[in-house]
$ cat input14.cif   # mmCIF, C-alpha atoms
data_structure
#
loop_
_atom_site.label_atom_id
_atom_site.label_comp_id
_atom_site.auth_asym_id
_atom_site.auth_seq_id
_atom_site.Cartn_x
_atom_site.Cartn_y
_atom_site.Cartn_z
CA MET A 6 -1.75 -66.68 54.05
CA SER A 7 -3.85 -64.18 55.89
CA ALA A 8 -7.51 -64.93 56.60
CA ALA A 9 -10.06 -63.19 54.40
CA SER A 10 -11.69 -60.12 55.91
CA PRO A 11 -15.29 -60.45 57.15
CA GLN A 12 -16.40 -58.08 54.36
CA ARG A 13 -14.74 -60.15 51.61
CA LYS A 14 -16.11 -63.36 53.11
CA GLU A 15 -19.63 -61.91 53.12
CA MET A 16 -19.26 -60.77 49.51
CA GLN A 17 -18.02 -64.21 48.43
CA GLU A 18 -20.94 -65.93 50.15
CA ALA A 19 -23.35 -63.59 48.40
CA MET A 20 -21.74 -64.40 45.06
CA ASP A 21 -21.93 -68.13 45.76
CA ARG A 22 -25.64 -68.00 46.57
CA PRO A 23 -27.86 -68.71 43.53
CA GLN A 24 -29.43 -65.56 42.18
CA SER A 25 -33.21 -65.50 42.17
CA SER A 26 -34.76 -65.43 38.72
CA GLY A 27 -37.17 -62.80 37.50
CA THR A 28 -39.99 -65.34 37.84
CA GLU A 29 -39.15 -65.99 41.49
CA ARG A 30 -39.07 -62.28 42.22
CA SER A 31 -42.41 -61.89 40.49
CA ARG A 32 -43.89 -64.72 42.55
CA GLN A 33 -42.57 -63.11 45.70
CA ARG A 34 -44.24 -59.84 44.76
CA THR A 35 -47.47 -61.74 44.06
CA ARG A 36 -47.36 -63.37 47.51
CA GLU A 37 -46.73 -59.99 49.10
CA GLY A 38 -49.70 -58.57 47.20
CA ARG A 39 -51.94 -61.40 48.43
CA THR A 40 -50.82 -60.85 52.02
CA GLU A 41 -51.50 -57.13 51.78
CA LEU A 42 -54.95 -57.73 50.28
CA MET A 43 -55.87 -60.24 53.02
CA GLN A 44 -54.81 -57.74 55.67
CA ARG A 45 -56.89 -54.96 54.08
CA VAL A 46 -59.95 -57.21 53.82
CA SER A 47 -59.57 -58.26 57.46
CA GLU A 48 -59.24 -54.66 58.62
CA PHE A 49 -62.28 -53.66 56.57
CA VAL A 50 -64.44 -56.45 58.01
CA MET A 51 -63.47 -55.60 61.58
CA LYS A 52 -63.79 -51.84 61.11
CA HIS A 53 -67.31 -52.00 59.72
CA ASP A 54 -68.40 -55.02 61.78
CA VAL A 55 -69.91 -56.96 58.86
CA ALA A 56 -70.51 -60.70 58.69
CA LEU A 57 -67.77 -62.91 57.27
CA THR A 58 -69.93 -64.52 54.56
CA GLY A 59 -69.04 -65.66 51.06
CA SER A 60 -71.15 -62.99 49.36
CA ASN A 61 -69.71 -60.25 51.60
CA LEU A 62 -66.14 -61.39 50.93
CA ALA A 63 -66.74 -61.53 47.16
CA THR A 64 -68.02 -57.94 47.15
CA ILE A 65 -65.32 -56.62 49.51
CA VAL A 66 -62.46 -58.35 47.66
CA ALA A 67 -63.76 -57.09 44.30
CA ALA A 68 -63.68 -53.53 45.65
CA LEU A 69 -60.43 -53.62 47.65
CA SER A 70 -58.48 -55.60 45.04
CA GLY A 71 -59.66 -53.33 42.24
CA SER A 72 -61.06 -56.23 40.17
CA ASP A 73 -64.20 -54.11 39.88
CA ALA A 74 -62.87 -50.56 39.50
CA GLY A 75 -66.34 -49.01 39.56
CA LEU A 76 -67.13 -50.74 42.84
CA ALA A 77 -63.73 -49.71 44.22
CA ARG A 78 -64.55 -46.08 43.49
CA ILE A 79 -67.98 -46.40 45.19
CA PHE A 80 -66.36 -47.93 48.30
CA ALA A 81 -63.64 -45.26 48.43
CA THR A 82 -66.14 -42.43 48.00
CA ARG A 83 -68.35 -43.80 50.77
CA GLU A 84 -65.45 -44.21 53.18
CA ILE A 85 -64.08 -40.73 52.46
CA ALA A 86 -67.56 -39.30 53.08
CA GLN A 87 -67.58 -41.34 56.34
CA GLU A 88 -70.95 -42.82 55.46
CA PRO A 89 -71.84 -46.11 57.15
CA ILE A 90 -71.12 -49.41 55.41
CA SER A 91 -73.90 -51.70 56.63
CA GLN A 92 -74.95 -55.21 55.70
CA SER A 93 -77.92 -53.92 53.69
CA TRP A 94 -75.61 -51.59 51.72
CA LEU A 95 -73.19 -54.47 51.02
CA ASP A 96 -76.12 -56.60 49.82
CA GLU A 97 -77.16 -53.84 47.46
CA MET A 98 -73.61 -53.53 46.08
CA GLY A 99 -73.41 -57.30 45.61
CA LYS A 100 -76.67 -57.37 43.63
CA MET A 101 -75.54 -54.44 41.47
CA ARG A 102 -72.26 -56.18 40.70
CA SER A 103 -74.03 -59.45 39.84
CA ARG A 104 -76.35 -57.70 37.38
CA GLU A 105 -73.44 -55.97 35.61
CA ASP A 106 -71.44 -59.22 35.43
CA GLU A 107 -74.45 -61.06 34.00
CA ARG A 108 -75.01 -58.42 31.31
CA ALA A 109 -71.35 -58.39 30.28
CA SER A 110 -71.18 -62.19 30.27
CA ALA A 111 -74.39 -62.49 28.24
CA LEU A 112 -73.07 -60.04 25.64
CA GLU A 113 -69.74 -61.86 25.31
CA THR A 114 -71.54 -65.22 25.03
CA LEU A 115 -73.89 -63.88 22.35
CA ILE A 116 -71.03 -62.45 20.29
CA ASP A 117 -69.07 -65.71 20.57
CA ARG A 118 -72.12 -67.76 19.52
CA VAL A 119 -72.81 -65.55 16.51
CA GLU A 120 -69.16 -65.72 15.41
CA SER A 121 -69.14 -69.50 15.82
CA SER A 122 -72.39 -69.87 13.83
CA LEU A 123 -71.10 -67.63 11.06
CA SER A 124 -67.85 -69.58 10.85
CA LYS A 125 -69.70 -72.91 10.61
CA PHE A 126 -72.11 -71.55 8.03
CA ALA A 127 -69.26 -70.13 5.95
CA GLU A 128 -67.46 -73.50 6.02
CA THR A 129 -70.65 -75.41 5.11
CA THR A 130 -71.39 -73.02 2.25
CA LYS A 131 -67.86 -73.32 0.94
CA THR A 132 -68.03 -77.13 1.00
CA ALA A 133 -71.46 -77.19 -0.67
CA ARG A 134 -70.25 -74.78 -3.32
CA THR A 135 -67.25 -77.00 -4.08
CA GLU A 136 -69.38 -80.13 -4.29
CA THR A 137 -72.00 -78.39 -6.46
CA SER A 138 -69.30 -77.19 -8.82
CA GLU A 139 -67.96 -80.76 -9.11
CA HIS A 140 -71.47 -82.13 -9.81
CA ARG A 141 -72.06 -79.42 -12.39
CA GLY A 142 -68.87 -80.41 -14.20
CA ALA A 143 -69.83 -84.08 -14.18
CA ILE A 144 -73.37 -83.44 -15.44
CA ASP A 145 -72.07 -81.07 -18.11
CA ALA A 146 -69.76 -83.83 -19.33
CA GLN A 147 -72.63 -86.35 -19.40
CA ILE A 148 -74.85 -83.95 -21.36
CA SER A 149 -72.11 -83.59 -23.96
CA GLU A 150 -71.85 -87.39 -24.24
CA LEU A 151 -75.64 -87.75 -24.55
CA ALA A 152 -75.76 -85.07 -27.23
CA LYS A 153 -73.03 -86.88 -29.20
CA SER A 154 -74.91 -90.17 -28.89
CA ALA A 155 -78.14 -88.58 -30.06
CA SER A 156 -76.46 -87.12 -33.13
CA SER A 157 -74.75 -90.41 -34.02
CA VAL A 158 -77.81 -92.67 -33.74
CA GLY A 159 -80.25 -90.23 -35.28
CA PRO A 160 -83.38 -88.64 -33.84
CA GLY A 161 -84.60 -90.21 -30.62
CA ALA A 162 -87.36 -88.71 -28.51
CA GLU A 163 -86.23 -90.39 -25.28
CA ILE A 164 -82.65 -89.25 -25.60
CA ASP A 165 -83.75 -85.74 -26.54
CA ARG A 166 -85.97 -85.52 -23.44
CA LEU A 167 -83.12 -86.81 -21.28
CA VAL A 168 -80.76 -84.20 -22.70
CA ASP A 169 -83.32 -81.43 -22.15
CA LEU A 170 -83.99 -82.58 -18.58
CA SER A 171 -80.28 -82.71 -17.84
CA ARG A 172 -79.85 -79.20 -19.17
CA VAL A 173 -82.65 -77.94 -16.90
CA MET A 174 -80.98 -79.64 -13.94
CA LEU A 175 -77.66 -78.05 -14.88
CA GLU A 176 -79.26 -74.60 -15.02
CA ARG A 177 -80.73 -75.11 -11.56
CA ILE A 178 -77.38 -76.24 -10.19
CA VAL A 179 -75.79 -73.10 -11.64
CA GLN A 180 -78.48 -71.01 -9.92
CA VAL A 181 -77.88 -72.79 -6.60
CA GLU A 182 -74.14 -72.30 -6.99
CA GLU A 183 -74.62 -68.57 -7.60
CA ALA A 184 -76.93 -68.30 -4.58
CA MET A 185 -74.37 -70.05 -2.37
CA LYS A 186 -71.61 -67.81 -3.72
CA LYS A 187 -73.69 -64.76 -2.78
CA SER A 188 -74.48 -66.26 0.63
CA GLN A 189 -70.79 -66.94 1.25
CA ALA A 190 -69.93 -63.32 0.43
CA GLU A 191 -72.70 -62.06 2.73
CA THR A 192 -71.40 -64.29 5.53
CA ALA A 193 -67.90 -62.88 5.10
CA ASP A 194 -69.36 -59.35 5.30
CA LEU A 195 -71.29 -60.26 8.45
CA LYS A 196 -68.16 -61.65 10.10
CA GLU A 197 -66.26 -58.48 9.24
CA SER A 198 -69.09 -56.33 10.61
CA LEU A 199 -69.13 -58.38 13.80
CA SER A 200 -65.37 -57.93 14.21
CA GLU A 201 -65.79 -54.19 13.71
CA ALA A 202 -68.61 -54.13 16.26
CA ARG A 203 -66.43 -55.97 18.77
CA ALA A 204 -63.62 -53.47 18.16
CA GLN A 205 -66.01 -50.53 18.52
CA ALA A 206 -67.23 -51.98 21.82
CA ASP A 207 -63.68 -51.43 23.11
CA VAL A 208 -63.52 -47.75 22.08
CA ASP A 209 -64.79 -44.71 23.95
CA HIS A 210 -66.85 -42.88 21.34
CA LEU A 211 -66.15 -39.40 22.71
CA THR A 212 -62.36 -39.47 23.05
CA HIS A 213 -61.63 -42.42 20.71
CA LEU A 214 -59.35 -43.84 23.38
CA PRO A 215 -59.76 -47.48 24.45
CA ASN A 216 -62.49 -47.75 27.08
CA ARG A 217 -62.56 -49.38 30.50
CA ARG A 218 -63.45 -52.80 29.06
CA ALA A 219 -60.43 -52.69 26.73
CA PHE A 220 -58.15 -51.43 29.51
CA GLU A 221 -59.07 -54.22 31.91
CA ARG A 222 -58.27 -56.84 29.27
CA LYS A 223 -55.01 -55.07 28.40
CA LEU A 224 -54.08 -54.87 32.09
CA GLN A 225 -54.43 -58.63 32.51
CA GLU A 226 -52.42 -59.31 29.34
CA ALA A 227 -49.65 -56.90 30.40
CA ALA A 228 -49.54 -58.33 33.94
CA GLU A 229 -49.24 -61.90 32.61
CA ARG A 230 -46.45 -60.88 30.24
CA ALA A 231 -44.60 -58.93 32.94
CA GLU A 232 -44.80 -61.86 35.35
CA LYS A 233 -43.64 -64.34 32.72
CA ASN A 234 -40.66 -62.19 31.70
CA GLY A 235 -39.84 -60.87 35.17
CA GLU A 236 -40.41 -57.28 34.02
CA ARG A 237 -41.71 -54.19 35.76
CA LEU A 238 -45.22 -52.88 35.20
CA SER A 239 -46.93 -49.84 36.68
CA LEU A 240 -50.23 -48.08 36.12
CA GLY A 241 -51.54 -44.57 36.66
CA PHE A 242 -55.01 -43.27 37.45
CA CYS A 243 -55.91 -39.66 36.45
CA ASP A 244 -58.93 -37.57 37.37
CA VAL A 245 -59.59 -34.08 35.96
CA ASP A 246 -59.62 -31.46 38.73
CA HIS A 247 -62.82 -29.44 39.28
CA PHE A 248 -64.46 -30.98 36.22
CA LYS A 249 -67.96 -30.37 37.58
CA SER A 250 -67.16 -26.67 37.75
CA ILE A 251 -66.12 -26.72 34.08
CA ASN A 252 -69.43 -28.33 33.11
CA ASP A 253 -71.45 -25.94 35.28
CA THR A 254 -69.67 -22.85 33.95
CA HIS A 255 -69.22 -23.66 30.28
CA GLY A 256 -71.76 -26.43 29.61
CA HIS A 257 -71.44 -30.15 28.97
CA ASP A 258 -70.48 -29.79 25.29
CA ALA A 259 -67.50 -27.66 26.29
CA GLY A 260 -66.69 -30.15 29.04
CA ASP A 261 -66.64 -32.93 26.44
CA ARG A 262 -64.15 -30.93 24.35
CA VAL A 263 -61.90 -30.62 27.40
CA LEU A 264 -61.99 -34.41 27.80
CA VAL A 265 -61.08 -34.84 24.13
CA ALA A 266 -58.14 -32.43 24.55
CA ILE A 267 -56.90 -34.38 27.58
CA ALA A 268 -57.29 -37.65 25.65
CA ASN A 269 -55.22 -36.25 22.77
CA THR A 270 -52.51 -35.18 25.21
CA LEU A 271 -52.41 -38.70 26.66
CA LYS A 272 -52.27 -40.23 23.16
CA ARG A 273 -49.34 -38.03 22.18
CA HIS A 274 -47.34 -38.90 25.29
CA ALA A 275 -48.30 -42.58 25.24
CA GLY A 276 -46.94 -43.23 21.75
CA LYS A 277 -46.28 -46.90 21.00
CA HIS A 278 -44.93 -47.85 24.41
CA LEU A 279 -47.69 -46.81 26.82
CA PHE A 280 -51.39 -47.68 26.83
CA ALA A 281 -53.86 -44.92 27.72
CA ALA A 282 -57.62 -45.39 28.11
CA ARG A 283 -60.68 -43.55 29.34
CA HIS A 284 -61.91 -45.31 32.46
CA GLY A 285 -65.18 -43.40 32.67
CA GLY A 286 -66.41 -39.87 33.28
CA GLU A 287 -63.40 -37.62 33.74
CA GLU A 288 -61.10 -40.52 34.71
CA PHE A 289 -58.25 -41.86 32.59
CA VAL A 290 -55.80 -44.72 33.11
CA VAL A 291 -52.32 -45.34 31.71
CA LEU A 292 -50.23 -48.53 31.65
CA PHE A 293 -46.44 -48.15 31.95
CA PRO A 294 -44.74 -51.41 30.84
CA GLY A 295 -41.15 -51.78 32.03
CA LEU A 296 -41.31 -48.87 34.49
CA THR A 297 -41.14 -48.74 38.26
CA ALA A 298 -43.82 -46.80 40.13
CA GLN A 299 -41.43 -43.86 40.56
CA ASP A 300 -40.51 -43.76 36.86
CA ALA A 301 -44.18 -44.06 35.92
CA ALA A 302 -45.05 -41.22 38.31
CA ASP A 303 -42.38 -39.05 36.67
CA ARG A 304 -43.82 -39.78 33.20
CA LEU A 305 -47.36 -39.04 34.39
CA ASP A 306 -46.12 -35.83 35.97
CA GLU A 307 -44.67 -34.76 32.61
CA ILE A 308 -48.11 -35.24 31.05
CA ARG A 309 -49.71 -33.27 33.91
CA ILE A 310 -47.28 -30.36 33.44
CA ASP A 311 -47.79 -30.36 29.66
CA LEU A 312 -51.57 -30.19 30.08
CA SER A 313 -51.55 -27.50 32.77
CA SER A 314 -49.27 -25.27 30.69
CA ARG A 315 -51.83 -24.97 27.89
CA GLN A 316 -54.36 -22.19 27.47
CA MET A 317 -57.70 -23.67 26.51
CA VAL A 318 -60.58 -21.47 25.34
CA ASN A 319 -64.28 -22.22 24.93
CA ARG A 320 -64.68 -21.76 21.20
CA ASP A 321 -68.41 -21.04 21.57
CA THR A 322 -67.99 -18.11 23.97
CA GLY A 323 -64.34 -17.16 23.62
CA LYS A 324 -63.91 -17.48 27.39
CA SER A 325 -60.90 -19.24 28.84
CA PHE A 326 -61.40 -22.50 30.67
CA GLY A 327 -58.65 -21.43 33.01
CA LYS A 328 -55.90 -23.81 34.00
CA ILE A 329 -56.89 -27.43 33.25
CA THR A 330 -55.19 -29.88 35.59
CA PHE A 331 -55.56 -33.44 36.78
CA SER A 332 -54.59 -35.37 39.89
CA GLY A 333 -52.91 -38.75 39.51
CA GLY A 334 -52.19 -41.88 41.46
CA VAL A 335 -49.57 -44.46 40.47
CA SER A 336 -48.94 -48.01 41.65
CA SER A 337 -46.66 -50.89 40.75
CA VAL A 338 -48.25 -54.13 39.53
CA GLN A 339 -46.72 -56.97 41.53
CA GLY A 340 -47.57 -60.04 39.49
CA MET A 341 -50.61 -61.16 37.55
CA GLU A 342 -52.82 -61.73 40.59
CA ASP A 343 -52.05 -58.22 41.85
CA ALA A 344 -53.27 -56.40 38.71
CA ARG A 345 -56.60 -55.42 40.23
CA GLY A 346 -55.02 -54.58 43.57
CA ALA A 347 -52.64 -52.19 41.82
CA LEU A 348 -55.59 -50.40 40.27
CA SER A 349 -57.16 -50.02 43.71
CA ARG A 350 -53.90 -48.69 45.19
CA ALA A 351 -53.50 -46.19 42.35
CA ASP A 352 -57.08 -45.06 42.90
CA ALA A 353 -56.38 -44.56 46.63
CA ALA A 354 -53.21 -42.60 45.77
CA LEU A 355 -55.30 -40.45 43.43
CA TYR A 356 -57.58 -39.53 46.33
CA GLN A 357 -54.53 -38.66 48.41
CA ALA A 358 -53.43 -36.31 45.62
CA LYS A 359 -56.87 -34.70 45.63
CA GLU A 360 -56.81 -34.24 49.40
CA ALA A 361 -53.27 -32.83 49.24
CA GLY A 362 -54.41 -29.97 47.00
CA ARG A 363 -54.90 -31.49 43.52
CA ASP A 364 -52.73 -30.95 40.42
CA ARG A 365 -50.13 -33.49 41.54
CA VAL A 366 -49.20 -37.18 41.29
CA GLN A 367 -48.95 -39.54 44.25
CA ILE A 368 -47.49 -43.04 44.49
CA GLY A 369 -49.59 -45.71 46.22
#
$ encode --input "input14.cif" --output "structure tokens"
Amino acid sequence: MSAASPQRKEMQEAMDRPQSSGTERSRQRTREGRTELMQRVSEFVMKHDVALTGSNLATIVAALSGSDAGLARIFATREIAQEPISQSWLDEMGKMRSREDERASALETLIDRVESSLSKFAETTKTARTETSEHRGAIDAQISELAKSASSVGPGAEIDRLVDLSRVMLERIVQVEEAMKKSQAETADLKESLSEARAQADVDHLTHLPNRRAFERKLQEAAERAEKNGERLSLGFCDVDHFKSINDTHGHDAGDRVLVAIANTLKRHAGKHLFAARHGGEEFVVLFPGLTAQDAADRLDEIRIDLSSRQMVNRDTGKSFGKITFSGGVSSVQGMEDARGALSRADAALYQAKEAGRDRVQIG
């Protein structure tokens, strides 16, 4: 029998090797993301000659990883403008970030405490109502027995007073029961209102898209699910081109209508499978579950082409807005721990698209 060819032997060995699972591949991507982030942080520290302190690292990692998208944008803008990044500036950014985190944390804590208190109160009211109803039934039965006894033994002042007193007590119990019933209904209304308020806190009131807060939570959920299932996940960052010029020429109300039109375009293309949100100002973000960065870039490019092909007119003046376009940056999310880093890479790719002439999509 002739010996197997080197090519066949290599193929057989590859087939015999255990195939890596989706989870293992996801972990590998996560490790690669960590390594890349550490390298970027190291380069940043050396480039700007800042001290390697805990507070500095927390601020720098938050910006470069994208865990604080607003801070990431501030860092990127400052670097592009070639403005100095000094220790005093880093201290200022760290304080700003701490204040925002404290406000957000305090709001979440307050909402959680109110919901918990309402739930406990509703349960207590329900229990008290049940017990009161049981007592009312028992007293009602006793009054009936007393009334029968009084009628069988003839007039008796003591028994009559006892029956009258019991009836007064029963009336008061009925009043308490009605008050608790009303209180229980009011508590249910309060809980519903609180749930609505929490939902409204996740919505951008101009475009009615989810806002940055909702997007960041959705990003973490999608990244965890993608890592668990070994699936692809990508995200896209969009920024309207020359938006300041639109506001300056047509006014802020007209600029708001442009943002609403862009939001509606994103909603239509997103459908049930994508998640689009307003990140702030003229910036929008889109999650692409199950797609590679290239596929996500192609989908985002379709949205860009659709938008730029439309003729939008200022309804107040009848003047055309001209061609409305956006620039986009896309990145692949490599595991749960890389979610913020992907946002930062997409943001950097967005700036590359701007520098390359705008009205295009770049992969980061």
$ resolve_selection --input "input14.cif" --expression "the PyMOL selection byres ((chain A and resi 206-221) around 9)" --output "PDB file with C-alpha atoms, keeping the file's coordinate frame"
ATOM      1  CA  SER A  72     -61.060 -56.230  40.170  1.00  0.00           C
ATOM      2  CA  GLU A 201     -65.790 -54.190  13.710  1.00  0.00           C
ATOM      3  CA  ALA A 202     -68.610 -54.130  16.260  1.00  0.00           C
ATOM      4  CA  ARG A 203     -66.430 -55.970  18.770  1.00  0.00           C
ATOM      5  CA  ALA A 204     -63.620 -53.470  18.160  1.00  0.00           C
ATOM      6  CA  GLN A 205     -66.010 -50.530  18.520  1.00  0.00           C
ATOM      7  CA  ARG A 222     -58.270 -56.840  29.270  1.00  0.00           C
ATOM      8  CA  LYS A 223     -55.010 -55.070  28.400  1.00  0.00           C
ATOM      9  CA  LEU A 224     -54.080 -54.870  32.090  1.00  0.00           C
ATOM     10  CA  GLN A 225     -54.430 -58.630  32.510  1.00  0.00           C
ATOM     11  CA  GLU A 226     -52.420 -59.310  29.340  1.00  0.00           C
ATOM     12  CA  ASP A 261     -66.640 -32.930  26.440  1.00  0.00           C
ATOM     13  CA  ARG A 262     -64.150 -30.930  24.350  1.00  0.00           C
ATOM     14  CA  LEU A 264     -61.990 -34.410  27.800  1.00  0.00           C
ATOM     15  CA  VAL A 265     -61.080 -34.840  24.130  1.00  0.00           C
ATOM     16  CA  ALA A 266     -58.140 -32.430  24.550  1.00  0.00           C
ATOM     17  CA  ILE A 267     -56.900 -34.380  27.580  1.00  0.00           C
ATOM     18  CA  ALA A 268     -57.290 -37.650  25.650  1.00  0.00           C
ATOM     19  CA  ASN A 269     -55.220 -36.250  22.770  1.00  0.00           C
ATOM     20  CA  LYS A 272     -52.270 -40.230  23.160  1.00  0.00           C
ATOM     21  CA  PHE A 280     -51.390 -47.680  26.830  1.00  0.00           C
ATOM     22  CA  ALA A 281     -53.860 -44.920  27.720  1.00  0.00           C
ATOM     23  CA  ALA A 282     -57.620 -45.390  28.110  1.00  0.00           C
ATOM     24  CA  ARG A 283     -60.680 -43.550  29.340  1.00  0.00           C
ATOM     25  CA  HIS A 284     -61.910 -45.310  32.460  1.00  0.00           C
ATOM     26  CA  GLY A 285     -65.180 -43.400  32.670  1.00  0.00           C
ATOM     27  CA  PHE A 289     -58.250 -41.860  32.590  1.00  0.00           C
ATOM     28  CA  VAL A 290     -55.800 -44.720  33.110  1.00  0.00           C
ATOM     29  CA  VAL A 291     -52.320 -45.340  31.710  1.00  0.00           C
ATOM     30  CA  LEU A 292     -50.230 -48.530  31.650  1.00  0.00           C
ATOM     31  CA  ARG A 345     -56.600 -55.420  40.230  1.00  0.00           C
TER      32      ARG A 345
END
$ closest_residue --input "input14.cif" --among "A:Val335, A:Leu296, A:Ala63, A:Ile90" --to "Ala351 of chain A" --atoms "only C-alpha atoms"
A:Val335
$ resolve_selection --input "input14.cif" --expression "the PyMOL selection byres ((chain A and resi 41-58) around 9)" --output "list in words"
Arg36, Glu37, Gly38, Arg39, Thr40, Gly59, Ser60, Asn61, Leu62, Ala63, Ile65, Val66, Leu69, Ser70, Pro89, Ile90, Ser91, Gln92, Leu95, Asp343 and Gly346 of chain A
$ closest_residue --input "input14.cif" --among "A:Ala77, A:Asp311, A:Ala228, A:Asp306" --to "Glu342 of chain A" --atoms "all atoms listed in the file"
A:Ala228
$ closest_residue --input "input14.cif" --among "A:Leu76, A:Val263, A:Met98, A:Cys243" --to "Asp364 of chain A" --atoms "only C-alpha atoms"
A:Cys243
$ atom_distance --input "input14.cif" --atom1 "atom CA of Ala68 of chain A" --atom2 "atom CA of Gly334 of chain A"
16.9 Å
$ axis_aligned_box --input "input14.cif" --around "segment 344-356 of chain A" --padding-each-side "3 Å" --output "AutoDock Vina command-line options"
--center_x -55.1 --center_y -48.0 --center_z 42.7 --size_x 10.9 --size_y 22.9 --size_z 13.9
$ closest_residue --input "input14.cif" --among "A:Gly327, A:Gly235, A:Gly333, A:Gly260" --to "Gln367 of chain A" --atoms "only C-alpha atoms"
A:Gly333
$ atom_distance --input "input14.cif" --atom1 "atom CA of Ala231 of chain A" --atom2 "atom CA of Gln299 of chain A"
17.2 Å
$ resolve_selection --input "input14.cif" --expression "the PyMOL selection byres ((chain A and resi 362) around 12)" --output "list in words"
Asp246, His247, Thr330, Phe331, Ser332, Gly333, Leu355, Tyr356, Gln357, Ala358, Lys359, Glu360, Ala361, Arg363, Asp364, Arg365, Val366 and Gln367 of chain A
$ atom_distance --input "input14.cif" --atom1 "atom CA of Arg315 of chain A" --atom2 "atom CA of Thr270 of chain A"
10.6 Å
$ closest_residue --input "input14.cif" --among "A:Gln87, A:Asn234, A:Asn252, A:Thr64" --to "Asn319 of chain A" --atoms "only C-alpha atoms"
A:Asn252
$ closest_residue --input "input14.cif" --among "A:Asp244, A:Glu176, A:Glu236, A:Asp300" --to "Ile329 of chain A" --atoms "all atoms listed in the file"
A:Asp244
